[in-house]
$ cat run-v4.cif   # mmCIF, C-alpha atoms and all ligand atoms
data_run
#
loop_
_atom_site.label_atom_id
_atom_site.label_comp_id
_atom_site.auth_asym_id
_atom_site.auth_seq_id
_atom_site.Cartn_x
_atom_site.Cartn_y
_atom_site.Cartn_z
CA MET R 894 10.50 -4.97 36.22
CA LEU R 895 8.91 -5.31 32.79
CA GLU R 896 5.14 -4.97 32.59
CA LEU R 897 3.46 -6.80 29.70
CA GLU R 898 -0.12 -6.49 28.60
CA ILE R 899 -0.77 -9.49 26.36
CA TRP R 900 -3.84 -10.21 24.28
CA ARG R 901 -5.57 -13.40 25.47
CA GLY R 902 -8.38 -15.02 23.53
CA GLY R 903 -9.41 -15.04 19.88
CA ALA R 904 -11.01 -12.25 17.90
CA ILE R 905 -12.86 -11.51 21.12
CA GLY R 906 -10.64 -11.42 24.15
CA ARG R 907 -8.87 -9.00 26.46
CA PHE R 908 -5.46 -7.86 27.54
CA GLN R 909 -3.98 -9.50 30.60
CA THR R 910 -1.09 -8.05 32.57
CA TYR R 911 2.08 -9.93 33.51
CA ARG R 912 5.28 -8.85 35.23
CA ILE R 913 8.71 -10.37 34.70
CA PRO R 914 12.24 -9.19 35.46
CA THR R 915 13.99 -6.96 32.97
CA ARG R 916 17.10 -8.66 31.61
CA GLU R 917 20.12 -7.55 29.70
CA ALA R 918 19.73 -7.61 25.91
CA GLN R 919 16.22 -9.04 26.34
CA THR R 920 14.18 -9.31 23.16
CA VAL R 921 10.41 -9.04 23.01
CA LEU R 922 10.30 -12.73 22.10
CA ASP R 923 12.46 -13.55 25.16
CA ALA R 924 9.96 -11.68 27.30
CA VAL R 925 6.99 -13.53 25.81
CA SER R 926 8.74 -16.87 26.32
CA GLU R 927 9.50 -16.02 29.92
CA VAL R 928 5.85 -15.12 30.56
CA GLN R 929 4.79 -18.37 28.97
CA ARG R 930 7.22 -20.43 31.05
CA THR R 931 6.66 -18.77 34.39
CA GLU R 932 3.16 -17.31 34.41
CA ALA R 933 0.94 -18.32 31.52
CA PRO R 934 1.61 -21.87 30.31
CA THR R 935 -1.38 -21.73 27.95
CA LEU R 936 -0.17 -18.60 26.16
CA ALA R 937 -0.04 -19.23 22.39
CA TYR R 938 2.58 -17.52 20.23
CA ARG R 939 4.80 -18.47 17.32
CA PHE R 940 8.49 -18.52 16.65
CA ALA R 941 11.00 -20.85 15.06
CA CYS R 942 14.41 -19.48 14.20
CA ARG R 943 14.90 -16.70 16.80
CA VAL R 944 17.37 -15.05 14.45
CA GLY R 945 15.23 -13.16 11.96
CA MET R 946 15.00 -15.73 9.23
CA CYS R 947 11.73 -17.63 9.45
CA GLY R 948 9.29 -14.75 9.66
CA SER R 949 6.97 -16.42 12.16
CA CYS R 950 7.33 -14.26 15.27
CA ALA R 951 5.73 -10.98 14.19
CA MET R 952 3.12 -9.31 16.38
CA MET R 953 1.90 -5.88 17.35
CA VAL R 954 4.36 -4.40 19.83
CA ASN R 955 3.05 -1.21 21.41
CA ASP R 956 0.76 -0.80 18.39
CA ARG R 957 3.51 -1.22 15.83
CA PRO R 958 4.03 -4.44 13.88
CA ARG R 959 7.49 -5.88 14.52
CA TRP R 960 9.49 -9.09 14.35
CA THR R 961 9.87 -9.89 18.01
CA CYS R 962 12.96 -12.11 17.97
CA ARG R 963 15.13 -9.24 16.84
CA THR R 964 13.41 -6.40 18.63
CA ARG R 965 15.05 -5.42 21.90
CA VAL R 966 12.72 -4.60 24.77
CA ALA R 967 14.89 -1.57 25.49
CA VAL R 968 14.14 -0.21 22.02
CA ALA R 969 10.45 -1.08 21.77
CA ALA R 970 9.56 -0.22 25.36
CA PRO R 971 11.98 2.28 26.87
CA ASP R 972 9.53 2.86 29.73
CA GLY R 973 9.37 -0.84 30.58
CA ARG R 974 5.80 -1.37 29.40
CA LEU R 975 4.92 -3.69 26.51
CA ARG R 976 1.51 -4.11 24.96
CA LEU R 977 1.45 -7.18 22.74
CA ALA R 978 -1.36 -8.05 20.37
CA PRO R 979 -1.81 -10.34 17.38
CA LEU R 980 -0.84 -8.87 13.99
CA ARG R 981 -3.36 -6.43 12.55
CA HIS R 982 -5.43 -7.49 9.52
CA PHE R 983 -5.02 -11.22 10.19
CA PRO R 984 -7.70 -13.49 11.64
CA VAL R 985 -6.74 -14.31 15.22
CA VAL R 986 -6.39 -18.00 16.06
CA LYS R 987 -5.52 -17.67 19.73
CA ASP R 988 -3.65 -15.12 21.82
CA LEU R 989 -0.72 -13.94 19.68
CA VAL R 990 -1.15 -16.52 16.92
CA VAL R 991 -2.78 -15.42 13.68
CA ASP R 992 -3.98 -17.30 10.63
CA MET R 993 -1.58 -16.59 7.75
CA ALA R 994 -3.73 -18.41 5.16
CA PRO R 995 -5.41 -15.31 3.66
CA PHE R 996 -2.01 -13.62 3.42
CA PHE R 997 -0.50 -16.49 1.45
CA ALA R 998 -3.62 -16.89 -0.66
CA LYS R 999 -2.95 -13.36 -1.86
CA TRP R 1000 0.63 -14.31 -2.80
CA GLN R 1001 -0.89 -16.94 -5.07
CA ARG R 1002 -3.43 -14.48 -6.44
CA ALA R 1003 -0.59 -12.08 -7.26
CA HIS R 1004 1.23 -14.88 -9.12
CA GLY R 1005 3.88 -14.70 -6.44
CA ARG R 1006 5.49 -17.95 -7.49
CA PHE R 1007 8.28 -18.74 -9.89
CA GLU R 1008 7.12 -20.24 -13.19
CA PRO R 1009 9.82 -22.52 -14.58
CA GLY R 1010 8.00 -23.14 -17.85
CA PRO R 1011 7.06 -26.51 -19.36
CA ALA R 1012 10.59 -27.92 -19.59
CA PRO R 1013 13.23 -27.69 -16.86
CA ALA R 1014 16.16 -25.46 -17.71
CA THR R 1015 19.15 -27.44 -18.91
CA GLU R 1016 21.73 -24.71 -18.42
CA PHE R 1017 22.45 -22.48 -15.47
CA ALA R 1018 21.00 -19.06 -16.16
CA THR R 1019 23.56 -16.30 -16.27
CA VAL R 1020 22.15 -13.19 -14.65
CA PRO R 1021 24.74 -10.42 -14.49
CA PRO R 1022 24.43 -8.64 -11.11
CA SER R 1023 24.61 -5.22 -12.72
CA THR R 1024 21.53 -5.49 -14.95
CA PRO R 1025 18.57 -3.30 -13.95
CA GLU R 1026 16.29 -6.36 -13.69
CA ARG R 1027 18.65 -8.16 -11.35
CA ARG R 1028 19.00 -5.08 -9.17
CA ALA R 1029 15.25 -4.54 -9.01
CA ALA R 1030 14.76 -8.19 -8.02
CA ASP R 1031 17.60 -8.00 -5.49
CA ALA R 1032 15.96 -5.09 -3.72
CA GLY R 1033 12.98 -7.21 -2.72
CA ILE R 1034 14.27 -10.75 -2.66
CA GLU R 1035 15.12 -11.04 1.05
CA CYS R 1036 11.47 -11.02 2.16
CA ILE R 1037 10.83 -13.52 4.97
CA ASN R 1038 7.01 -13.46 4.68
CA CYS R 1039 6.65 -12.11 8.19
CA GLY R 1040 3.48 -10.11 7.46
CA VAL R 1041 4.73 -6.97 9.22
CA CYS R 1042 4.17 -4.79 6.16
CA TYR R 1043 0.72 -6.29 5.65
CA ALA R 1044 -0.20 -5.41 9.22
CA ALA R 1045 1.15 -1.89 8.80
CA CYS R 1046 -0.73 -1.11 5.58
CA ASP R 1047 -3.98 0.84 6.12
CA VAL R 1048 -5.22 0.01 2.64
CA VAL R 1049 -5.29 -3.69 3.60
CA GLY R 1050 -7.63 -2.72 6.43
CA TRP R 1051 -9.87 -0.61 4.21
CA ASN R 1052 -10.00 -2.96 1.27
CA PRO R 1053 -9.94 -6.66 2.21
CA ASP R 1054 -9.38 -7.44 -1.47
CA TYR R 1055 -6.08 -5.58 -1.58
CA LEU R 1056 -3.18 -7.92 -2.31
CA GLY R 1057 -0.93 -6.03 0.08
CA PRO R 1058 2.72 -5.01 0.02
CA ALA R 1059 4.34 -8.42 0.52
CA ALA R 1060 2.56 -10.21 -2.32
CA LEU R 1061 3.06 -7.28 -4.67
CA ASN R 1062 6.71 -7.01 -3.75
CA ARG R 1063 7.12 -10.69 -4.56
CA ALA R 1064 5.33 -10.25 -7.89
CA TRP R 1065 7.71 -7.42 -8.75
CA THR R 1066 10.79 -9.54 -8.04
CA LEU R 1067 9.37 -12.13 -10.44
CA VAL R 1068 8.50 -9.60 -13.12
CA ASN R 1069 12.23 -8.83 -13.01
CA ASP R 1070 13.38 -12.44 -12.90
CA VAL R 1071 14.70 -13.14 -16.37
CA ARG R 1072 14.44 -16.90 -15.78
CA ASP R 1073 10.75 -16.74 -15.06
CA ARG R 1074 8.62 -18.18 -17.85
CA ALA R 1075 5.26 -16.68 -16.89
CA ARG R 1076 4.21 -14.20 -19.51
CA ALA R 1077 4.85 -10.74 -18.05
CA ALA R 1078 1.37 -9.76 -19.22
CA ALA R 1079 -0.23 -12.56 -17.19
CA ARG R 1080 1.54 -11.50 -14.03
CA LEU R 1081 0.75 -7.84 -14.61
CA ALA R 1082 -2.87 -8.80 -15.14
CA ALA R 1083 -2.85 -10.67 -11.84
CA VAL R 1084 -1.71 -7.58 -9.95
CA THR R 1085 -4.06 -5.20 -11.79
CA GLY R 1086 -7.72 -4.61 -11.13
CA PRO R 1087 -9.73 -4.66 -7.90
CA GLY R 1088 -7.32 -4.97 -4.99
CA GLY R 1089 -4.29 -4.76 -7.28
CA CYS R 1090 -1.20 -2.58 -7.20
CA GLN R 1091 -3.16 0.50 -8.27
CA SER R 1092 -4.93 0.47 -4.89
CA CYS R 1093 -1.68 1.36 -3.10
CA HIS R 1094 -1.76 4.90 -1.72
CA THR R 1095 2.01 5.15 -1.34
CA HIS R 1096 1.67 5.65 2.42
CA MET R 1097 5.00 3.85 2.86
CA ALA R 1098 3.99 2.29 6.17
CA CYS R 1099 5.19 -1.02 4.70
CA THR R 1100 8.57 0.41 3.80
CA GLU R 1101 8.87 2.09 7.19
CA THR R 1102 8.20 -1.10 9.14
CA CYS R 1103 9.74 -3.90 7.05
CA PRO R 1104 12.37 -5.50 9.29
CA LYS R 1105 14.38 -6.58 6.25
CA ALA R 1106 14.61 -2.99 5.04
CA ILE R 1107 12.72 -3.86 1.86
CA ALA R 1108 10.75 -1.08 0.19
CA PRO R 1109 7.53 -2.65 -1.12
CA THR R 1110 6.34 0.84 -1.99
CA TYR R 1111 8.97 1.08 -4.75
CA ALA R 1112 8.20 -2.41 -5.96
CA ILE R 1113 4.53 -1.46 -6.20
CA ALA R 1114 5.44 1.75 -8.00
CA GLY R 1115 7.33 -0.40 -10.50
CA LEU R 1116 4.27 -2.61 -11.03
CA LYS R 1117 2.07 0.46 -11.46
CA ARG R 1118 4.46 1.85 -14.06
CA GLN R 1119 4.57 -1.36 -16.06
CA ALA R 1120 0.82 -1.94 -15.80
CA MET R 1121 0.21 1.62 -16.95
CA ARG R 1122 2.59 1.18 -19.86
CA ALA R 1123 0.79 -2.01 -20.80
CA ALA R 1124 -2.58 -0.26 -20.55
CA LEU R 1125 -1.44 2.65 -22.69
CA ALA R 1126 0.01 0.20 -25.22
CA GLY R 1127 -3.39 -1.46 -25.28
CA THR R 1128 -2.18 -4.81 -23.98
CA ARG R 1129 -5.14 -4.78 -21.59
CA MET V 1394 -8.78 -0.18 -9.89
CA ASN V 1395 -8.08 -1.23 -13.43
CA ALA V 1396 -5.09 0.04 -15.33
CA THR V 1397 -7.12 2.28 -17.63
CA LEU V 1398 -8.76 4.13 -14.75
CA PHE V 1399 -5.38 4.37 -13.07
CA ALA V 1400 -3.81 5.82 -16.20
CA ALA V 1401 -6.72 8.27 -16.60
CA SER V 1402 -6.32 9.34 -12.99
CA ARG V 1403 -2.57 9.94 -13.37
CA VAL V 1404 -2.76 11.70 -16.73
CA SER V 1405 -5.59 13.97 -15.53
CA ALA V 1406 -3.56 14.74 -12.40
CA LEU V 1407 -0.69 15.81 -14.62
CA ILE V 1408 -2.95 18.19 -16.55
CA LEU V 1409 -4.49 19.47 -13.30
CA ALA V 1410 -1.07 20.23 -11.86
CA VAL V 1411 -0.23 22.49 -14.80
CA ALA V 1412 -3.70 24.05 -15.02
CA VAL V 1413 -3.91 24.80 -11.29
CA ALA V 1414 -0.45 26.37 -11.34
CA VAL V 1415 -1.33 28.62 -14.31
CA HIS V 1416 -4.71 29.42 -12.74
CA LEU V 1417 -3.14 30.52 -9.43
CA VAL V 1418 -0.36 32.54 -11.02
CA VAL V 1419 -2.83 34.39 -13.24
CA ILE V 1420 -5.19 35.10 -10.31
CA ILE V 1421 -2.37 36.46 -8.17
CA HIS V 1422 -1.11 38.52 -11.08
CA ALA V 1423 -4.59 39.95 -11.75
CA VAL V 1424 -5.10 40.84 -8.09
CA GLN V 1425 -1.66 42.42 -7.83
CA GLN V 1426 -2.41 44.53 -10.91
CA GLY V 1427 -5.71 45.56 -9.34
CA LEU V 1428 -7.61 44.58 -12.50
CA THR V 1429 -11.36 45.24 -12.49
CA ILE V 1430 -13.86 42.62 -13.61
CA GLY V 1431 -14.34 44.56 -16.79
CA ALA V 1432 -10.61 44.59 -17.47
CA ILE V 1433 -10.37 40.86 -16.85
CA LEU V 1434 -13.32 40.02 -19.06
CA SER V 1435 -11.95 42.19 -21.83
CA ARG V 1436 -8.83 40.02 -21.77
CA THR V 1437 -10.68 36.69 -21.64
CA HIS V 1438 -13.32 37.63 -24.23
CA GLY V 1439 -12.75 35.67 -27.39
CA ASN V 1440 -9.43 34.44 -26.01
CA TRP V 1441 -8.88 30.96 -27.39
CA ALA V 1442 -5.87 30.28 -25.16
CA PHE V 1443 -8.16 30.92 -22.18
CA LEU V 1444 -10.85 28.62 -23.50
CA VAL V 1445 -8.48 25.80 -24.35
CA LEU V 1446 -6.68 25.99 -20.99
CA TYR V 1447 -9.87 26.07 -18.93
CA GLY V 1448 -11.53 23.49 -21.16
CA CYS V 1449 -8.64 21.09 -20.39
CA PHE V 1450 -8.79 22.09 -16.73
CA VAL V 1451 -12.49 21.29 -16.50
CA LEU V 1452 -12.23 18.02 -18.39
CA ALA V 1453 -9.25 16.87 -16.31
CA ALA V 1454 -11.18 17.68 -13.12
CA ALA V 1455 -14.24 15.87 -14.46
CA VAL V 1456 -12.12 12.77 -15.08
CA HIS V 1457 -10.01 12.96 -11.93
CA ALA V 1458 -12.61 13.72 -9.26
CA PRO V 1459 -14.98 10.77 -9.85
CA ILE V 1460 -12.08 8.29 -9.98
CA GLY V 1461 -10.77 9.55 -6.65
CA LEU V 1462 -14.25 9.61 -5.18
CA ARG V 1463 -14.77 6.05 -6.32
CA THR V 1464 -11.80 4.92 -4.23
CA VAL V 1465 -12.92 6.96 -1.22
CA LEU V 1466 -16.44 5.51 -1.41
CA ALA V 1467 -15.08 1.97 -1.71
CA GLU V 1468 -12.48 2.24 1.04
CA TRP V 1469 -14.26 4.37 3.59
CA PHE V 1470 -17.89 3.43 3.04
CA SER V 1471 -17.47 -0.01 1.43
CA TRP V 1472 -19.67 1.19 -1.40
CA SER V 1473 -18.85 0.04 -4.91
CA GLY V 1474 -20.53 -1.67 -7.83
CA PRO V 1475 -22.44 -0.71 -10.97
CA LEU V 1476 -24.78 1.75 -9.22
CA ALA V 1477 -21.87 3.63 -7.65
CA ASP V 1478 -20.07 3.65 -11.01
CA TRP V 1479 -23.06 5.04 -12.88
CA LEU V 1480 -23.62 7.75 -10.27
CA LEU V 1481 -19.94 8.67 -10.41
CA LEU V 1482 -20.08 8.81 -14.19
CA ALA V 1483 -23.07 11.14 -13.90
CA PHE V 1484 -21.13 13.22 -11.40
CA GLY V 1485 -18.23 13.49 -13.84
CA VAL V 1486 -20.57 14.55 -16.66
CA LEU V 1487 -22.16 17.12 -14.35
CA LEU V 1488 -18.74 18.55 -13.50
CA ALA V 1489 -17.84 18.72 -17.19
CA VAL V 1490 -21.11 20.41 -18.20
CA LEU V 1491 -21.06 22.98 -15.38
CA GLY V 1492 -17.37 23.71 -15.87
CA LEU V 1493 -17.49 24.00 -19.64
CA ARG V 1494 -20.57 26.20 -19.40
CA ALA V 1495 -18.74 28.53 -17.01
CA ALA V 1496 -15.61 28.66 -19.17
CA LEU V 1497 -17.68 29.30 -22.27
CA ALA V 1498 -19.66 32.05 -20.50
CA VAL V 1499 -16.43 33.86 -19.60
CA PHE V 1500 -15.08 33.36 -23.13
CA LEU V 1501 -18.24 34.85 -24.64
CA ALA V 1502 -18.79 37.60 -22.05
S1 LIG R 1601 2.92 2.08 0.30
FE1 LIG R 1601 1.15 0.95 -0.48
S2 LIG R 1601 1.44 -1.13 0.24
FE2 LIG R 1601 2.83 0.17 1.44
S3 LIG R 1601 1.67 0.67 3.28
FE3 LIG R 1601 1.28 2.26 1.79
S4 LIG R 1601 -0.59 1.70 0.73
FE4 LIG R 1601 0.21 -0.13 1.80
S1 LIG R 1602 8.31 -7.25 2.74
FE1 LIG R 1602 9.34 -7.07 4.71
S2 LIG R 1602 7.68 -6.76 6.19
FE2 LIG R 1602 6.75 -7.53 4.32
S3 LIG R 1602 6.59 -9.74 4.62
FE3 LIG R 1602 8.52 -9.34 3.54
S4 LIG R 1602 10.07 -9.13 5.14
FE4 LIG R 1602 8.08 -8.98 6.14
S1 LIG R 1603 11.57 -16.27 15.14
FE1 LIG R 1603 12.14 -16.46 13.06
S2 LIG R 1603 12.05 -14.40 12.38
FE2 LIG R 1603 11.64 -14.21 14.50
#

$ encode --input "run-v4.cif" --output "structure tokens" --more "lines below"
Ligand code: SF4
Ligand code: SF4
Ligand code: FES
Amino acid sequence: MLELEIWRGGAIGRFQTYRIPTREAQTVLDAVSEVQRTEAPTLAYRFACRVGMCGSCAMMVNDRPRWTCRTRVAVAAPDGRLRLAPLRHFPVVKDLVVDMAPFFAKWQRAHGRFEPGPAPATEFATVPPSTPERRAADAGIECINCGVCYAACDVVGWNPDYLGPAALNRAWTLVNDVRDRARAAARLAAVTGPGGCQSCHTHMACTETCPKAIAPTYAIAGLKRQAMRAALAGTR
Amino acid sequence: MNATLFAASRVSALILAVAVAVHLVVIIHAVQQGLTIGAILSRTHGNWAFLVLYGCFVLAAAVHAPIGLRTVLAEWFSWSGPLADWLLLAFGVLLAVLGLRAALAVFLA
């Protein structure tokens, strides 16, 4: 038997216990779905792809943020007990569903969007895979916006202004995107200052927990380096 | 944190790393040699290398400590703003004055 304690309610609520059979190759998301179908029809949770692509199924699993569709129960709960809560640092909507709006607002604040420039490109850009910029961008490009790193980062909890690992990682991929037409200085300015990349304490909780094996810590270190260079050069 | 403060924090940390290392090595050496206070002061008296090293040490500490404290105050006690910044600036000046006074006293002793 698998014993699940699941958060029910909003910001104020409580854990409720459910029991379901243990199954072979069961994922945490499978377990939540089974609880919802058999015991708690009103249980709210999110998922879409079930294969680790959409980034919508993350939650706290035994106090650690994880994507649940690709987390086996056997790995996350070897003793057969699961404690599931909504992702840390996000406003709770209901049960296991959180509001991602503040998270994505920070992506915008960090200039985490591609800037094509005033005129559309007429030619395909040639970006040799071996260039340092392409490699730096490659290292962070597979982010699925799941929010796991954001939930893992203590600085996000201490400083609500902090842009967080995901947004900063995205900004770094764009700083290294040679097709991007935003002035590098503008993007560096967006990730500098209160809540910017300099607030990162290099705890590496983000890098430790990212299910896509991305290392936002290194991306942030890159931003810090470039921002520092710009500051020393007197750009800002 | 803005980039200038960040740069100041990193550069001062770099200086501190060197200064602390030299400081510790010299202390251990002096203790191992069993030097008396008099013997130590006779070596530091009028020693410009001593004054320059400890002057840099003190100034780096006076820059580094308030910047770090500023982050701690903001993150752990949610306290930031102009008042905090002014007090931290005063704290940095205090560190610099006390430290430079001490270094100068040893240099002149
Ligand atoms: S390395 Fe930086 S962004 Fe990542 S968890 Fe630590 S403080 Fe947060
Ligand atoms: S960096 Fe990793 S943990 Fe963070 S949002 Fe992207 S995929 Fe998720
Ligand atoms: S359901 Fe899409 S990543 Fe888990």

$ interface_residues --input "run-v4.cif" --of "chain R" --to "chain V" --cutoff "9 Å" --atoms "all atoms listed in the file" --output "list in words"
Val1048, Gly1050, Trp1051, Asn1052, Thr1085, Gly1086, Pro1087, Gly1088, Gly1089, Cys1090, Gln1091, Ser1092, Lys1117, Ala1120, Met1121, Arg1122, Ala1123, Ala1124, Leu1125 and Arg1129 of chain R

$ axis_aligned_box --input "run-v4.cif" --around "range 981-987 of chain R" --padding-each-side "8 Å" --output "JSON"
{"center_x": -5.5, "center_y": -12.2, "center_z": 14.6, "size_x": 20.3, "size_y": 27.6, "size_z": 26.2}

$ residues_near_ligand --input "run-v4.cif" --ligand "ligand LIG 1602 (chain R)" --cutoff "8 Å" --atoms "all atoms listed in the file" --output "list in words"
Gly948, Gly1033, Glu1035, Cys1036, Ile1037, Asn1038, Cys1039, Gly1040, Val1041, Cys1042, Tyr1043, Pro1058, Ala1059, Asn1062, Cys1099, Thr1100, Thr1102, Cys1103, Pro1104, Lys1105, Ala1106, Ile1107, Ala1108 and Pro1109 of chain R

$ residues_near_ligand --input "run-v4.cif" --ligand "ligand LIG 1603 (chain R)" --cutoff "8 Å" --atoms "only C-alpha atoms and all ligand atoms" --output "PyMOL selection string"
chain R and resi 922+939-951+960-963+1037+1039

$ write_last_selection --input "run-v4.cif" --atoms "C-alpha atoms" --output "PDB file, in the frame of the given file"
ATOM      1  CA  LEU R 922      10.300 -12.730  22.100  1.00  0.00           C
ATOM      2  CA  ARG R 939       4.800 -18.470  17.320  1.00  0.00           C
ATOM      3  CA  PHE R 940       8.490 -18.520  16.650  1.00  0.00           C
ATOM      4  CA  ALA R 941      11.000 -20.850  15.060  1.00  0.00           C
ATOM      5  CA  CYS R 942      14.410 -19.480  14.200  1.00  0.00           C
ATOM      6  CA  ARG R 943      14.900 -16.700  16.800  1.00  0.00           C
ATOM      7  CA  VAL R 944      17.370 -15.050  14.450  1.00  0.00           C
ATOM      8  CA  GLY R 945      15.230 -13.160  11.960  1.00  0.00           C
ATOM      9  CA  MET R 946      15.000 -15.730   9.230  1.00  0.00           C
ATOM     10  CA  CYS R 947      11.730 -17.630   9.450  1.00  0.00           C
ATOM     11  CA  GLY R 948       9.290 -14.750   9.660  1.00  0.00           C
ATOM     12  CA  SER R 949       6.970 -16.420  12.160  1.00  0.00           C
ATOM     13  CA  CYS R 950       7.330 -14.260  15.270  1.00  0.00           C
ATOM     14  CA  ALA R 951       5.730 -10.980  14.190  1.00  0.00           C
ATOM     15  CA  TRP R 960       9.490  -9.090  14.350  1.00  0.00           C
ATOM     16  CA  THR R 961       9.870  -9.890  18.010  1.00  0.00           C
ATOM     17  CA  CYS R 962      12.960 -12.110  17.970  1.00  0.00           C
ATOM     18  CA  ARG R 963      15.130  -9.240  16.840  1.00  0.00           C
ATOM     19  CA  ILE R1037      10.830 -13.520   4.970  1.00  0.00           C
ATOM     20  CA  CYS R1039       6.650 -12.110   8.190  1.00  0.00           C
TER      21      CYS R1039
END

$ residues_near_ligand --input "run-v4.cif" --ligand "ligand LIG 1601 (chain R)" --cutoff "6 Å" --atoms "all atoms listed in the file" --output "PyMOL selection string"
chain R and resi 1046+1048+1057-1058+1093-1099+1110

$ build_atoms --input "run-v4.cif" --residues "range 1431-1451 of chain V" --atoms "N, CA and C atoms" --output "short mmCIF file (atom, residue, chain, number, x, y, z; two decimals), in the frame of the given file"
data_model
loop_
_atom_site.label_atom_id
_atom_site.label_comp_id
_atom_site.auth_asym_id
_atom_site.auth_seq_id
_atom_site.Cartn_x
_atom_site.Cartn_y
_atom_site.Cartn_z
N GLY V 1431 -14.25 44.15 -15.39
CA GLY V 1431 -14.34 44.56 -16.79
C GLY V 1431 -13.01 44.34 -17.51
N ALA V 1432 -11.93 44.73 -16.85
CA ALA V 1432 -10.61 44.59 -17.47
C ALA V 1432 -10.26 43.12 -17.69
N ILE V 1433 -10.64 42.30 -16.72
CA ILE V 1433 -10.37 40.86 -16.85
C ILE V 1433 -11.17 40.27 -18.00
N LEU V 1434 -12.46 40.59 -18.01
CA LEU V 1434 -13.32 40.02 -19.06
C LEU V 1434 -12.90 40.50 -20.44
N SER V 1435 -12.39 41.71 -20.52
CA SER V 1435 -11.95 42.19 -21.83
C SER V 1435 -10.76 41.38 -22.32
N ARG V 1436 -9.97 40.86 -21.36
CA ARG V 1436 -8.83 40.02 -21.77
C ARG V 1436 -9.27 38.59 -22.09
N THR V 1437 -10.27 38.09 -21.40
CA THR V 1437 -10.68 36.69 -21.64
C THR V 1437 -11.65 36.58 -22.81
N HIS V 1438 -12.31 37.68 -23.15
CA HIS V 1438 -13.32 37.63 -24.23
C HIS V 1438 -12.68 37.19 -25.55
N GLY V 1439 -13.24 36.15 -26.09
CA GLY V 1439 -12.75 35.67 -27.39
C GLY V 1439 -11.32 35.14 -27.36
N ASN V 1440 -10.83 34.89 -26.15
CA ASN V 1440 -9.43 34.44 -26.01
C ASN V 1440 -9.36 32.92 -26.08
N TRP V 1441 -8.87 32.42 -27.20
CA TRP V 1441 -8.88 30.96 -27.39
C TRP V 1441 -7.93 30.25 -26.43
N ALA V 1442 -6.82 30.90 -26.10
CA ALA V 1442 -5.87 30.28 -25.16
C ALA V 1442 -6.60 30.04 -23.82
N PHE V 1443 -7.39 31.05 -23.41
CA PHE V 1443 -8.16 30.92 -22.18
C PHE V 1443 -9.11 29.73 -22.27
N LEU V 1444 -9.83 29.67 -23.37
CA LEU V 1444 -10.85 28.62 -23.50
C LEU V 1444 -10.22 27.23 -23.53
N VAL V 1445 -9.13 27.11 -24.25
CA VAL V 1445 -8.48 25.80 -24.35
C VAL V 1445 -7.93 25.37 -22.98
N LEU V 1446 -7.25 26.32 -22.29
CA LEU V 1446 -6.68 25.99 -20.99
C LEU V 1446 -7.78 25.57 -20.01
N TYR V 1447 -8.83 26.39 -19.91
CA TYR V 1447 -9.87 26.07 -18.93
C TYR V 1447 -10.73 24.89 -19.37
N GLY V 1448 -10.85 24.69 -20.68
CA GLY V 1448 -11.53 23.49 -21.16
C GLY V 1448 -10.79 22.24 -20.69
N CYS V 1449 -9.45 22.24 -20.85
CA CYS V 1449 -8.64 21.09 -20.39
C CYS V 1449 -8.75 20.94 -18.88
N PHE V 1450 -8.70 22.07 -18.19
CA PHE V 1450 -8.79 22.09 -16.73
C PHE V 1450 -10.09 21.39 -16.29
N VAL V 1451 -11.18 21.82 -16.88
CA VAL V 1451 -12.49 21.29 -16.50
C VAL V 1451 -12.57 19.80 -16.82
#
